[in-house]
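Structure file structure-v6.cif (mmCIF, N, CA and C atoms) is printed below.
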data_structure
loop_
_atom_site.label_atom_id
_atom_site.label_comp_id
_atom_site.auth_asym_id
_atom_site.auth_seq_id
_atom_site.Cartn_x
_atom_site.Cartn_y
_atom_site.Cartn_z
N MET A 777 -108.10 119.44 -25.69
CA MET A 777 -108.14 120.84 -25.88
C MET A 777 -106.78 121.40 -26.25
N LYS A 778 -105.82 120.73 -25.61
CA LYS A 778 -104.49 121.19 -25.90
C LYS A 778 -104.16 120.93 -27.37
N GLY A 779 -104.58 119.83 -27.90
CA GLY A 779 -104.34 119.50 -29.30
C GLY A 779 -105.04 120.48 -30.23
N LEU A 780 -106.21 120.90 -29.82
CA LEU A 780 -106.96 121.87 -30.63
C LEU A 780 -106.24 123.21 -30.66
N SER A 781 -105.69 123.63 -29.51
CA SER A 781 -104.96 124.90 -29.48
C SER A 781 -103.72 124.82 -30.34
N VAL A 782 -103.05 123.68 -30.35
CA VAL A 782 -101.85 123.54 -31.17
C VAL A 782 -102.25 123.60 -32.65
N VAL A 783 -103.31 122.95 -33.01
CA VAL A 783 -103.77 122.97 -34.41
C VAL A 783 -104.15 124.39 -34.81
N ILE A 784 -104.84 125.11 -33.92
CA ILE A 784 -105.23 126.49 -34.22
C ILE A 784 -103.99 127.36 -34.34
N ALA A 785 -103.01 127.16 -33.45
CA ALA A 785 -101.78 127.95 -33.49
C ALA A 785 -101.01 127.67 -34.77
N VAL A 786 -100.88 126.40 -35.13
CA VAL A 786 -100.16 126.04 -36.36
C VAL A 786 -100.91 126.58 -37.56
N SER A 787 -102.23 126.48 -37.55
CA SER A 787 -103.04 127.01 -38.65
C SER A 787 -102.86 128.52 -38.75
N GLY A 788 -102.81 129.21 -37.60
CA GLY A 788 -102.60 130.66 -37.58
C GLY A 788 -101.25 131.03 -38.16
N VAL A 789 -100.20 130.26 -37.75
CA VAL A 789 -98.85 130.54 -38.28
C VAL A 789 -98.83 130.29 -39.78
N LEU A 790 -99.41 129.19 -40.22
CA LEU A 790 -99.45 128.89 -41.66
C LEU A 790 -100.23 129.96 -42.42
N LEU A 791 -101.34 130.42 -41.84
CA LEU A 791 -102.13 131.48 -42.47
C LEU A 791 -101.32 132.78 -42.55
N ALA A 792 -100.58 133.10 -41.49
CA ALA A 792 -99.75 134.31 -41.48
C ALA A 792 -98.65 134.20 -42.53
N VAL A 793 -98.01 133.03 -42.61
CA VAL A 793 -96.95 132.83 -43.61
C VAL A 793 -97.54 132.94 -45.02
N ALA A 794 -98.72 132.38 -45.22
CA ALA A 794 -99.37 132.45 -46.53
C ALA A 794 -99.70 133.90 -46.89
N CYS A 795 -100.19 134.66 -45.91
CA CYS A 795 -100.50 136.08 -46.16
C CYS A 795 -99.24 136.87 -46.49
N ILE A 796 -98.18 136.62 -45.73
CA ILE A 796 -96.91 137.33 -45.97
C ILE A 796 -96.39 136.97 -47.37
N ARG A 797 -96.43 135.70 -47.70
CA ARG A 797 -95.94 135.27 -49.02
C ARG A 797 -96.79 135.87 -50.13
N LEU A 798 -98.10 135.90 -49.95
CA LEU A 798 -99.00 136.48 -50.95
C LEU A 798 -98.72 137.97 -51.13
N THR A 799 -98.50 138.67 -50.02
CA THR A 799 -98.18 140.10 -50.09
C THR A 799 -96.85 140.31 -50.81
N THR A 800 -95.86 139.49 -50.49
CA THR A 800 -94.55 139.61 -51.14
C THR A 800 -94.66 139.36 -52.64
N GLU A 801 -95.39 138.33 -53.02
CA GLU A 801 -95.56 138.01 -54.44
C GLU A 801 -96.32 139.13 -55.16
N THR A 802 -97.32 139.69 -54.49
CA THR A 802 -98.08 140.80 -55.08
C THR A 802 -97.17 142.00 -55.31
N ASN A 803 -96.34 142.31 -54.32
CA ASN A 803 -95.41 143.44 -54.47
C ASN A 803 -94.40 143.19 -55.60
N LYS A 804 -93.91 141.95 -55.68
CA LYS A 804 -92.97 141.62 -56.75
C LYS A 804 -93.64 141.77 -58.12
N ARG A 805 -94.89 141.30 -58.20
CA ARG A 805 -95.61 141.40 -59.47
C ARG A 805 -95.85 142.85 -59.85
N GLU A 806 -96.25 143.68 -58.90
CA GLU A 806 -96.47 145.10 -59.18
C GLU A 806 -95.17 145.78 -59.63
N ALA A 807 -94.06 145.43 -58.97
CA ALA A 807 -92.76 146.00 -59.36
C ALA A 807 -92.38 145.55 -60.76
N ALA A 808 -92.62 144.28 -61.08
CA ALA A 808 -92.30 143.77 -62.41
C ALA A 808 -93.17 144.44 -63.47
N GLU A 809 -94.46 144.63 -63.18
CA GLU A 809 -95.35 145.30 -64.13
C GLU A 809 -94.95 146.75 -64.33
N SER A 810 -94.54 147.40 -63.25
CA SER A 810 -94.07 148.78 -63.36
C SER A 810 -92.79 148.87 -64.20
N ALA A 811 -91.87 147.94 -63.97
CA ALA A 811 -90.63 147.92 -64.76
C ALA A 811 -90.93 147.63 -66.23
N LEU A 812 -91.89 146.74 -66.47
CA LEU A 812 -92.28 146.43 -67.85
C LEU A 812 -92.90 147.65 -68.52
N ALA A 813 -93.75 148.37 -67.80
CA ALA A 813 -94.36 149.58 -68.36
C ALA A 813 -93.29 150.63 -68.68
N ASP A 814 -92.32 150.80 -67.79
CA ASP A 814 -91.22 151.75 -68.04
C ASP A 814 -90.40 151.32 -69.26
N ALA A 815 -90.14 150.03 -69.34
CA ALA A 815 -89.36 149.52 -70.48
C ALA A 815 -90.12 149.72 -71.79
N ASN A 816 -91.43 149.48 -71.76
CA ASN A 816 -92.24 149.70 -72.96
C ASN A 816 -92.26 151.17 -73.37
N GLN A 817 -92.35 152.05 -72.38
CA GLN A 817 -92.34 153.49 -72.67
C GLN A 817 -91.00 153.90 -73.30
N LYS A 818 -89.91 153.41 -72.73
CA LYS A 818 -88.59 153.73 -73.28
C LYS A 818 -88.43 153.14 -74.68
N LEU A 819 -88.96 151.94 -74.88
CA LEU A 819 -88.89 151.32 -76.19
C LEU A 819 -89.68 152.13 -77.22
N ASN A 820 -90.85 152.62 -76.83
CA ASN A 820 -91.64 153.45 -77.73
C ASN A 820 -90.92 154.75 -78.05
N GLN A 821 -90.29 155.36 -77.05
CA GLN A 821 -89.53 156.59 -77.29
C GLN A 821 -88.36 156.32 -78.23
N THR A 822 -87.68 155.22 -78.01
CA THR A 822 -86.56 154.85 -78.89
C THR A 822 -87.06 154.60 -80.30
N SER A 823 -88.19 153.95 -80.42
CA SER A 823 -88.78 153.70 -81.73
C SER A 823 -89.12 155.01 -82.44
N ASP A 824 -89.67 155.97 -81.68
CA ASP A 824 -89.99 157.28 -82.26
C ASP A 824 -88.73 158.00 -82.73
N VAL A 825 -87.68 157.92 -81.93
CA VAL A 825 -86.41 158.57 -82.30
C VAL A 825 -85.84 157.92 -83.56
N LEU A 826 -85.88 156.60 -83.61
CA LEU A 826 -85.38 155.90 -84.80
C LEU A 826 -86.19 156.25 -86.04
N ALA A 827 -87.50 156.38 -85.89
CA ALA A 827 -88.33 156.77 -87.03
C ALA A 827 -87.97 158.17 -87.50
N GLU A 828 -87.72 159.07 -86.57
CA GLU A 828 -87.32 160.44 -86.92
C GLU A 828 -85.96 160.44 -87.62
N VAL A 829 -85.03 159.63 -87.12
CA VAL A 829 -83.71 159.54 -87.75
C VAL A 829 -83.83 158.98 -89.16
N ARG A 830 -84.68 157.98 -89.34
CA ARG A 830 -84.89 157.43 -90.68
C ARG A 830 -85.48 158.48 -91.62
N ALA A 831 -86.44 159.25 -91.12
CA ALA A 831 -87.05 160.30 -91.94
C ALA A 831 -86.01 161.36 -92.31
N LEU A 832 -85.18 161.73 -91.34
CA LEU A 832 -84.12 162.71 -91.62
C LEU A 832 -83.13 162.16 -92.64
N ARG A 833 -82.78 160.90 -92.52
CA ARG A 833 -81.85 160.28 -93.46
C ARG A 833 -82.45 160.27 -94.87
N GLN A 834 -83.75 160.00 -94.95
CA GLN A 834 -84.41 160.01 -96.25
C GLN A 834 -84.40 161.43 -96.83
N ASP A 835 -84.65 162.44 -95.98
CA ASP A 835 -84.58 163.83 -96.44
C ASP A 835 -83.19 164.17 -96.95
N VAL A 836 -82.18 163.73 -96.22
CA VAL A 836 -80.79 164.00 -96.63
C VAL A 836 -80.50 163.30 -97.96
N SER A 837 -80.99 162.09 -98.12
CA SER A 837 -80.77 161.37 -99.38
C SER A 837 -81.43 162.09 -100.55
N GLU A 838 -82.64 162.61 -100.32
CA GLU A 838 -83.33 163.35 -101.38
C GLU A 838 -82.58 164.63 -101.73
N ILE A 839 -82.11 165.33 -100.71
CA ILE A 839 -81.34 166.56 -100.95
C ILE A 839 -80.05 166.24 -101.68
N GLU A 840 -79.40 165.17 -101.25
CA GLU A 840 -78.15 164.76 -101.90
C GLU A 840 -78.38 164.42 -103.37
N ALA A 841 -79.49 163.74 -103.67
CA ALA A 841 -79.80 163.41 -105.06
C ALA A 841 -80.09 164.66 -105.87
N SER A 842 -80.81 165.61 -105.28
CA SER A 842 -81.11 166.84 -106.02
C SER A 842 -79.84 167.66 -106.24
N VAL A 843 -78.94 167.69 -105.26
CA VAL A 843 -77.67 168.41 -105.43
C VAL A 843 -76.84 167.74 -106.52
N LYS A 844 -76.84 166.42 -106.54
CA LYS A 844 -76.09 165.69 -107.56
C LYS A 844 -76.67 165.99 -108.95
N ALA A 845 -78.01 165.99 -109.07
CA ALA A 845 -78.64 166.29 -110.35
C ALA A 845 -78.35 167.72 -110.77
N LEU A 846 -78.38 168.64 -109.81
CA LEU A 846 -78.07 170.04 -110.12
C LEU A 846 -76.63 170.19 -110.58
N GLY A 847 -75.71 169.50 -109.93
CA GLY A 847 -74.31 169.54 -110.34
C GLY A 847 -74.13 168.97 -111.74
N GLN A 848 -74.85 167.92 -112.04
CA GLN A 848 -74.76 167.33 -113.37
C GLN A 848 -75.31 168.30 -114.42
N LYS A 849 -76.42 168.99 -114.09
CA LYS A 849 -76.96 169.99 -115.01
C LYS A 849 -75.96 171.12 -115.22
N ARG A 850 -75.33 171.56 -114.14
CA ARG A 850 -74.33 172.63 -114.25
C ARG A 850 -73.18 172.20 -115.14
N ASN A 851 -72.72 170.97 -114.96
CA ASN A 851 -71.62 170.47 -115.80
C ASN A 851 -72.03 170.42 -117.27
N GLU A 852 -73.25 169.95 -117.52
CA GLU A 852 -73.73 169.88 -118.90
C GLU A 852 -73.86 171.28 -119.50
N ALA A 853 -74.40 172.21 -118.71
CA ALA A 853 -74.55 173.59 -119.20
C ALA A 853 -73.18 174.22 -119.44
N GLY A 854 -72.23 173.97 -118.55
CA GLY A 854 -70.88 174.49 -118.72
C GLY A 854 -70.21 173.92 -119.95
N GLU A 855 -70.40 172.63 -120.16
CA GLU A 855 -69.81 171.99 -121.35
C GLU A 855 -70.42 172.57 -122.62
N LYS A 856 -71.74 172.77 -122.60
CA LYS A 856 -72.42 173.35 -123.77
C LYS A 856 -71.92 174.78 -124.00
N ARG A 857 -71.78 175.54 -122.92
CA ARG A 857 -71.29 176.92 -123.04
C ARG A 857 -69.87 176.94 -123.60
N ARG A 858 -69.01 176.04 -123.13
CA ARG A 858 -67.64 175.98 -123.65
C ARG A 858 -67.63 175.61 -125.14
N GLU A 859 -68.50 174.69 -125.52
CA GLU A 859 -68.59 174.33 -126.94
C GLU A 859 -69.07 175.51 -127.77
N ASN A 860 -70.05 176.26 -127.26
CA ASN A 860 -70.55 177.44 -127.98
C ASN A 860 -69.45 178.48 -128.13
N ILE A 861 -68.71 178.71 -127.06
CA ILE A 861 -67.61 179.69 -127.12
C ILE A 861 -66.56 179.23 -128.12
N LYS A 862 -66.23 177.95 -128.06
CA LYS A 862 -65.22 177.41 -128.97
C LYS A 862 -65.68 177.55 -130.42
N THR A 863 -66.97 177.27 -130.67
CA THR A 863 -67.52 177.38 -132.02
C THR A 863 -67.51 178.82 -132.50
N GLU A 864 -67.91 179.75 -131.63
CA GLU A 864 -67.96 181.16 -132.01
C GLU A 864 -66.57 181.74 -132.25
N LEU A 865 -65.59 181.29 -131.49
CA LEU A 865 -64.24 181.83 -131.62
C LEU A 865 -63.41 181.13 -132.69
N ALA A 866 -63.93 180.05 -133.24
CA ALA A 866 -63.15 179.26 -134.20
C ALA A 866 -62.76 180.07 -135.43
N GLY A 867 -63.65 180.89 -135.95
CA GLY A 867 -63.34 181.63 -137.17
C GLY A 867 -62.85 183.04 -136.92
N ASP A 868 -62.66 183.44 -135.68
CA ASP A 868 -62.26 184.82 -135.35
C ASP A 868 -60.74 184.89 -135.24
N PRO A 869 -60.08 185.60 -136.18
CA PRO A 869 -58.62 185.68 -136.12
C PRO A 869 -58.13 186.47 -134.92
N CYS A 870 -58.93 187.42 -134.45
CA CYS A 870 -58.53 188.22 -133.29
C CYS A 870 -58.49 187.35 -132.03
N ALA A 871 -59.43 186.41 -131.93
CA ALA A 871 -59.48 185.55 -130.75
C ALA A 871 -58.30 184.59 -130.72
N ALA A 872 -57.78 184.24 -131.88
CA ALA A 872 -56.67 183.31 -131.94
C ALA A 872 -55.32 184.00 -131.84
N ALA A 873 -55.30 185.34 -131.93
CA ALA A 873 -54.04 186.08 -131.90
C ALA A 873 -53.48 186.11 -130.49
N LEU A 874 -52.17 186.16 -130.39
CA LEU A 874 -51.51 186.22 -129.09
C LEU A 874 -51.64 187.63 -128.50
N VAL A 875 -51.79 187.71 -127.21
CA VAL A 875 -51.88 188.99 -126.50
C VAL A 875 -50.46 189.45 -126.21
N PRO A 876 -50.17 190.75 -126.45
CA PRO A 876 -48.82 191.24 -126.13
C PRO A 876 -48.51 191.05 -124.65
N ASP A 877 -47.23 190.86 -124.34
CA ASP A 877 -46.80 190.60 -122.96
C ASP A 877 -47.18 191.72 -122.02
N VAL A 878 -47.06 192.96 -122.45
CA VAL A 878 -47.37 194.11 -121.59
C VAL A 878 -48.84 194.08 -121.19
N VAL A 879 -49.71 193.80 -122.14
CA VAL A 879 -51.15 193.74 -121.86
C VAL A 879 -51.45 192.56 -120.94
N ALA A 880 -50.86 191.42 -121.21
CA ALA A 880 -51.10 190.24 -120.38
C ALA A 880 -50.63 190.48 -118.95
N ASP A 881 -49.44 191.09 -118.79
CA ASP A 881 -48.95 191.39 -117.44
C ASP A 881 -49.87 192.33 -116.71
N SER A 882 -50.38 193.35 -117.42
CA SER A 882 -51.30 194.31 -116.81
C SER A 882 -52.59 193.62 -116.37
N LEU A 883 -53.10 192.73 -117.20
CA LEU A 883 -54.33 192.00 -116.84
C LEU A 883 -54.11 191.09 -115.64
N TYR A 884 -52.98 190.40 -115.60
CA TYR A 884 -52.67 189.54 -114.45
C TYR A 884 -52.52 190.37 -113.18
N GLN A 885 -51.87 191.53 -113.30
CA GLN A 885 -51.68 192.40 -112.13
C GLN A 885 -53.03 192.91 -111.63
N ARG A 886 -53.89 193.32 -112.54
CA ARG A 886 -55.21 193.81 -112.14
C ARG A 886 -56.04 192.69 -111.50
N ALA A 887 -55.96 191.49 -112.05
CA ALA A 887 -56.69 190.36 -111.47
C ALA A 887 -56.20 190.06 -110.06
N ALA A 888 -54.90 190.18 -109.84
CA ALA A 888 -54.35 189.95 -108.50
C ALA A 888 -54.83 191.03 -107.54
N GLU A 889 -54.91 192.28 -108.00
CA GLU A 889 -55.40 193.37 -107.14
C GLU A 889 -56.86 193.16 -106.78
N VAL A 890 -57.65 192.75 -107.75
CA VAL A 890 -59.07 192.51 -107.49
C VAL A 890 -59.22 191.35 -106.52
N ALA A 891 -58.44 190.31 -106.70
CA ALA A 891 -58.52 189.16 -105.79
C ALA A 891 -58.09 189.55 -104.38
N ALA A 892 -57.14 190.50 -104.28
CA ALA A 892 -56.67 190.95 -102.97
C ALA A 892 -57.62 191.95 -102.34
N GLY A 893 -58.62 192.40 -103.09
CA GLY A 893 -59.59 193.34 -102.54
C GLY A 893 -59.19 194.79 -102.71
N ASP A 894 -58.23 195.09 -103.54
CA ASP A 894 -57.79 196.47 -103.77
C ASP A 894 -58.65 197.05 -104.89
N HIS A 895 -59.76 197.67 -104.52
CA HIS A 895 -60.68 198.24 -105.50
C HIS A 895 -60.52 199.75 -105.57
N SER A 896 -59.33 200.24 -105.50
CA SER A 896 -59.11 201.68 -105.50
C SER A 896 -59.59 202.27 -106.82
N GLY A 897 -60.54 203.16 -106.69
CA GLY A 897 -61.06 203.83 -107.87
C GLY A 897 -62.12 203.05 -108.61
N ALA A 898 -62.39 201.84 -108.23
CA ALA A 898 -63.35 201.03 -108.96
C ALA A 898 -64.77 201.54 -108.79
N PHE A 899 -65.10 202.06 -107.61
CA PHE A 899 -66.45 202.54 -107.36
C PHE A 899 -66.53 204.06 -107.38
N ALA A 900 -65.42 204.74 -107.50
CA ALA A 900 -65.41 206.20 -107.51
C ALA A 900 -65.44 206.75 -108.94
N ARG A 901 -65.58 205.89 -109.92
CA ARG A 901 -65.62 206.26 -111.33
C ARG A 901 -64.37 207.02 -111.75
N LYS A 902 -63.27 206.60 -111.20
CA LYS A 902 -61.99 207.19 -111.58
C LYS A 902 -61.17 206.11 -112.27
N PRO A 903 -60.41 206.51 -113.28
CA PRO A 903 -59.55 205.51 -113.89
C PRO A 903 -58.48 205.09 -112.90
N ASP A 904 -58.11 203.84 -112.97
CA ASP A 904 -57.11 203.38 -112.02
C ASP A 904 -55.70 203.79 -112.41
N GLY A 905 -55.49 204.21 -113.66
CA GLY A 905 -54.19 204.71 -114.08
C GLY A 905 -53.14 203.64 -114.16
N LYS A 906 -53.55 202.40 -114.10
CA LYS A 906 -52.57 201.32 -114.11
C LYS A 906 -52.44 200.71 -115.49
N ASN A 907 -53.39 200.96 -116.37
CA ASN A 907 -53.33 200.35 -117.71
C ASN A 907 -52.87 201.37 -118.70
#

Transcribe the structure of this file into structure tokens.
Amino acid sequence: MKGLSVVIAVSGVLLAVACIRLTTETNKREAAESALADANQKLNQTSDVLAEVRALRQDVSEIEASVKALGQKRNEAGEKRRENIKTELAGDPCAAALVPDVVADSLYQRAAEVAAGDHSGAFARKPDGKN
């Protein structure tokens, strides 16, 4: 009988150890699955952010290309305009004549005043009296 009690006691201890180990392994597995789910969620969020950044970069590239094309059109239009002006002024003796120094100085002075924001009389329909 004594041997039977020892076997039952040892079996009980082994059963308790097995239950404790099973519970521990189950908890570890649940924690690992939870960590994996969190990592997957963060990975998906990161993937979404990267996709948005790629889309924004593509938008910026498209805008940059359109700005470059617009600048090229402006340059071509400016070059054409300069050629037209040059062609129209080629036969005009007045356009090729030198401007007197007094007139040139007055024009430079007026341009400096306009650049400085001195619009005295410009909107009051009064002559500025400077020319």

Handout entry: Interatomic distance (Å, one decimal) between atom C of Ala888 of chain A and atom N of Asn851 of chain A
Key = 27.9 Å

Practice task
Within segment 855-886 of chain A, find each residue whose DSSP state, derived from the backbone, is helix (DSSP H, G or I), and express the selection as number ranges by chain.
Solution key: A: 855-866, 869-872, 877-886

Problem - Between atom CA of Lys818 of chain A and atom CA of Asn803 of chain A, distance in Å (one decimal) - result: 22.5 Å

Fill in the blank from the handout: A straight line from atom C of Glu809 of chain A to atom C of Ala794 of chain A spans 22.2 Å
